[in-house]
Amino acid sequence: MSLFDVIPALLVLADGTTYHGWSFGAAGTTIGEVLFNTSITGYQEVLTDPSYRGQIVIFTYPELGNTGINLEDEEAKGPQIHGLIARSICYKPSNWRSTQSLPDYLKQYCIPGIFGIDTRALTRKIRMCGTMNGGISTEILDKTELLEKVKVAPNMEGLNLVKTVTTPSVYEWFEPTHPAWEFNPKAKDIIKDLFIVIVLDFGVKRNILRRLISYGCRVIVVPADITVEEILQYNPDGIFLSNGPGDPAVVEEGMKTVKALIASEKPIFGICMGHQILGRALGAETFKLKFGHRGINQPVGLHHKHVEITSQNHSFAIQPNSLPSTLEISHFNLNDQTVAGLRHKNLPIFSVQYHPEASPGTHDADYLFEQFVELMRSHQQLNK
């Protein structure tokens, strides 16, 4: 694209900081929480991750769009972000799987983006001051006018976004990880019996469902506001609590259901938002991180015994000094010592503050699906 064809765009943060750049994607105005992701690859999975609902994402990697877009890599139907910020944009992708350019994809779904700004300076700003609301516009180029719209937008803390991404009805998922991308060919041999897994959908990603199928589970996805009675009608062997957007403290419908599921003593595996809701249902508290954890190289472990490199995307975390005596910490985030994993001392329940399906990311945490399967097998044998 010629520089003579680009449209000016404005980015304004809630504290009045202003960045001038160029528009890509859709024209118009968008407001959301501005945050950064440090991933070098996997931008399409990030854009379509429901955990990003209501947010404007800065990509710290300077080149975006080089491999284009393909429908196979979507984690949900279409992009979930509210806006995108990049240093440089590729309009003519080069990849054999590409079916569309990133700018055309965002335009198709009416998602505005801005490029040509110093994303390094902007990232440092967010690290120092914390995530904050911001606005991108091609139609409001006056800083004061756009700032007024940003200031009246709701903050992420206290916002229930799960209801905007959860499935409206129950459905069964059948597709495993594609053989070409299967990084654990022994997964199908780990389980011989078909376990029924109910996925409580707070904003689930498709590759999470694929990993469960690849480990031999029958996967039934249910809405976040479903009752425990409806769940137990399926006689599930295990419950999976998915990732999702927003503040876990206000997802009251999910909290109520999870509390009742804990009482059923069935195996439960929670990730990300599911980890936070599970912790709160068991009596812990959550708090908002200054700028969150978003990237595919977050180290977690228990002190220095073992380290996993993980994919993470979250704004909130479990308050460690609020944990009840029934819970123990299984993993720490080794960058800032926040709680990255929990395990119940008496019940077959565990959770992690990251995305073990690794889309995008490393495969260090895939063993957690195997642990979940083993928990279901042990629980089934005990209750025969």
# chains A, B, ... in the order shown; residues from 1 in each chain; ligands from 1
call {"tool": "residues_around", "arguments": {"residues": "Thr286 in chain A", "least_positions_apart": "4", "cutoff": "9 Å", "atoms": "only C-alpha atoms", "output": "PDB file with N, CA, C and O atoms, in the first residue's frame"}}
result
ATOM      1  N   ASP A 247     -13.478  -9.720  34.747  1.00  0.00           N
ATOM      2  CA  ASP A 247     -13.178  -9.841  36.173  1.00  0.00           C
ATOM      3  C   ASP A 247     -13.854 -11.084  36.745  1.00  0.00           C
ATOM      4  O   ASP A 247     -15.085 -11.178  36.742  1.00  0.00           O
ATOM      5  N   PRO A 248     -13.092 -12.055  37.262  1.00  0.00           N
ATOM      6  CA  PRO A 248     -13.706 -13.282  37.793  1.00  0.00           C
ATOM      7  C   PRO A 248     -14.607 -13.027  38.997  1.00  0.00           C
ATOM      8  O   PRO A 248     -15.518 -13.808  39.271  1.00  0.00           O
ATOM      9  N   ALA A 249     -14.374 -11.943  39.722  1.00  0.00           N
ATOM     10  CA  ALA A 249     -15.125 -11.680  40.950  1.00  0.00           C
ATOM     11  C   ALA A 249     -16.599 -11.426  40.696  1.00  0.00           C
ATOM     12  O   ALA A 249     -17.414 -11.561  41.616  1.00  0.00           O
ATOM     13  N   GLN A 276      -9.244 -18.950  38.256  1.00  0.00           N
ATOM     14  CA  GLN A 276      -9.602 -17.873  39.174  1.00  0.00           C
ATOM     15  C   GLN A 276     -10.967 -18.110  39.815  1.00  0.00           C
ATOM     16  O   GLN A 276     -11.143 -17.920  41.029  1.00  0.00           O
ATOM     17  N   ILE A 277     -11.941 -18.534  39.007  1.00  0.00           N
ATOM     18  CA  ILE A 277     -13.276 -18.802  39.539  1.00  0.00           C
ATOM     19  C   ILE A 277     -13.243 -19.984  40.504  1.00  0.00           C
ATOM     20  O   ILE A 277     -13.901 -19.967  41.554  1.00  0.00           O
ATOM     21  N   GLY A 279     -10.671 -20.895  42.346  1.00  0.00           N
ATOM     22  CA  GLY A 279     -10.062 -20.398  43.569  1.00  0.00           C
ATOM     23  C   GLY A 279     -11.036 -19.607  44.413  1.00  0.00           C
ATOM     24  O   GLY A 279     -11.123 -19.795  45.634  1.00  0.00           O
ATOM     25  N   ARG A 280     -11.823 -18.749  43.780  1.00  0.00           N
ATOM     26  CA  ARG A 280     -12.801 -17.949  44.516  1.00  0.00           C
ATOM     27  C   ARG A 280     -13.912 -18.832  45.085  1.00  0.00           C
ATOM     28  O   ARG A 280     -14.384 -18.607  46.204  1.00  0.00           O
ATOM     29  N   PHE A 316      -6.000 -10.821  35.915  1.00  0.00           N
ATOM     30  CA  PHE A 316      -6.262 -11.031  37.334  1.00  0.00           C
ATOM     31  C   PHE A 316      -5.481 -12.248  37.825  1.00  0.00           C
ATOM     32  O   PHE A 316      -5.090 -13.107  37.041  1.00  0.00           O
ATOM     33  N   ALA A 317      -5.288 -12.307  39.146  1.00  0.00           N
ATOM     34  CA  ALA A 317      -4.558 -13.421  39.746  1.00  0.00           C
ATOM     35  C   ALA A 317      -5.120 -13.730  41.125  1.00  0.00           C
ATOM     36  O   ALA A 317      -5.829 -12.913  41.725  1.00  0.00           O
ATOM     37  N   ILE A 318      -4.795 -14.919  41.620  1.00  0.00           N
ATOM     38  CA  ILE A 318      -5.223 -15.349  42.959  1.00  0.00           C
ATOM     39  C   ILE A 318      -4.350 -14.678  44.018  1.00  0.00           C
ATOM     40  O   ILE A 318      -3.127 -14.627  43.880  1.00  0.00           O
ATOM     41  N   GLN A 319      -4.997 -14.156  45.067  1.00  0.00           N
ATOM     42  CA  GLN A 319      -4.268 -13.563  46.192  1.00  0.00           C
ATOM     43  C   GLN A 319      -3.718 -14.693  47.073  1.00  0.00           C
ATOM     44  O   GLN A 319      -4.491 -15.446  47.674  1.00  0.00           O
ATOM     45  N   PRO A 320      -2.390 -14.871  47.135  1.00  0.00           N
ATOM     46  CA  PRO A 320      -1.846 -16.041  47.836  1.00  0.00           C
ATOM     47  C   PRO A 320      -2.176 -16.095  49.322  1.00  0.00           C
ATOM     48  O   PRO A 320      -2.380 -17.175  49.873  1.00  0.00           O
ATOM     49  N   SER A 322      -4.804 -15.344  50.724  1.00  0.00           N
ATOM     50  CA  SER A 322      -6.231 -15.581  50.955  1.00  0.00           C
ATOM     51  C   SER A 322      -6.614 -17.048  50.796  1.00  0.00           C
ATOM     52  O   SER A 322      -7.778 -17.414  50.945  1.00  0.00           O
TER      53      SER A 322
END
call {"tool": "residues_around", "arguments": {"residues": "Thr41 in chain A", "least_positions_apart": "2", "cutoff": "12 Å", "atoms": "only C-alpha atoms", "output": "PyMOL selection string"}}
result
chain A and resi 37-39+43-47+59-68+295-297+311+358-362
call {"tool": "atom_distance", "arguments": {"atom1": "CA of Ala340 in chain A", "atom2": "CA of Val307 in chain A"}}
result
11.8 Å
call {"tool": "residues_around", "arguments": {"residues": "Asp15 in chain A", "least_positions_apart": "4", "cutoff": "12 Å", "atoms": "only C-alpha atoms", "output": "list in words"}}
result
Leu11, Val34, Lys125, Ile126, Cys129, Gly130, Thr131, Met132, Asn133, Gly134, Gly135, Lys143, Thr144, Leu146, Leu147, Glu148, Val150 and Lys151 of chain A
call {"tool": "write_last_selection", "arguments": {"atoms": "C-alpha atoms", "output": "compact mmCIF listing (two decimals), in the first residue's frame"}}
result
# COMPACT_ATOMS: atom_id res chain seq x y z
CA LEU A 11 -4.77 6.62 19.75
CA VAL A 34 -5.05 -1.19 26.18
CA LYS A 125 4.20 3.29 29.23
CA ILE A 126 1.79 0.44 30.07
CA CYS A 129 1.56 3.06 34.57
CA GLY A 130 -0.45 -0.14 34.22
CA THR A 131 -3.16 -1.13 31.75
CA MET A 132 -5.74 1.58 31.12
CA ASN A 133 -8.57 2.30 28.75
CA GLY A 134 -7.85 3.87 25.42
CA GLY A 135 -9.46 4.69 22.11
CA LYS A 143 -7.50 14.47 21.25
CA THR A 144 -9.91 16.11 23.70
CA LEU A 146 -11.69 11.17 21.88
CA LEU A 147 -10.42 11.39 25.47
CA GLU A 148 -13.93 12.23 26.67
CA VAL A 150 -12.40 6.99 26.70
CA LYS A 151 -13.04 8.40 30.17
call {"tool": "closest_residue", "arguments": {"among": "A:Gly238, A:Pro299, A:Glu172, A:Ile309", "to": "Val219 in chain A", "atoms": "only C-alpha atoms"}}
result
A:Glu172
call {"tool": "closest_residue", "arguments": {"among": "A:Tyr367, A:Tyr109, A:Phe350, A:Tyr19", "to": "Leu282 in chain A", "atoms": "only C-alpha atoms"}}
result
A:Phe350
call {"tool": "closest_residue", "arguments": {"among": "A:Ile226, A:Leu347, A:Leu71, A:Leu241", "to": "Lys163 in chain A", "atoms": "only C-alpha atoms"}}
result
A:Ile226
call {"tool": "closest_residue", "arguments": {"among": "A:Leu261, A:Cys217, A:Val57, A:Leu35", "to": "Glu229 in chain A", "atoms": "only C-alpha atoms"}}
result
A:Leu261
call {"tool": "atom_distance", "arguments": {"atom1": "CA of Glu252 in chain A", "atom2": "CA of Thr164 in chain A"}}
result
14.3 Å
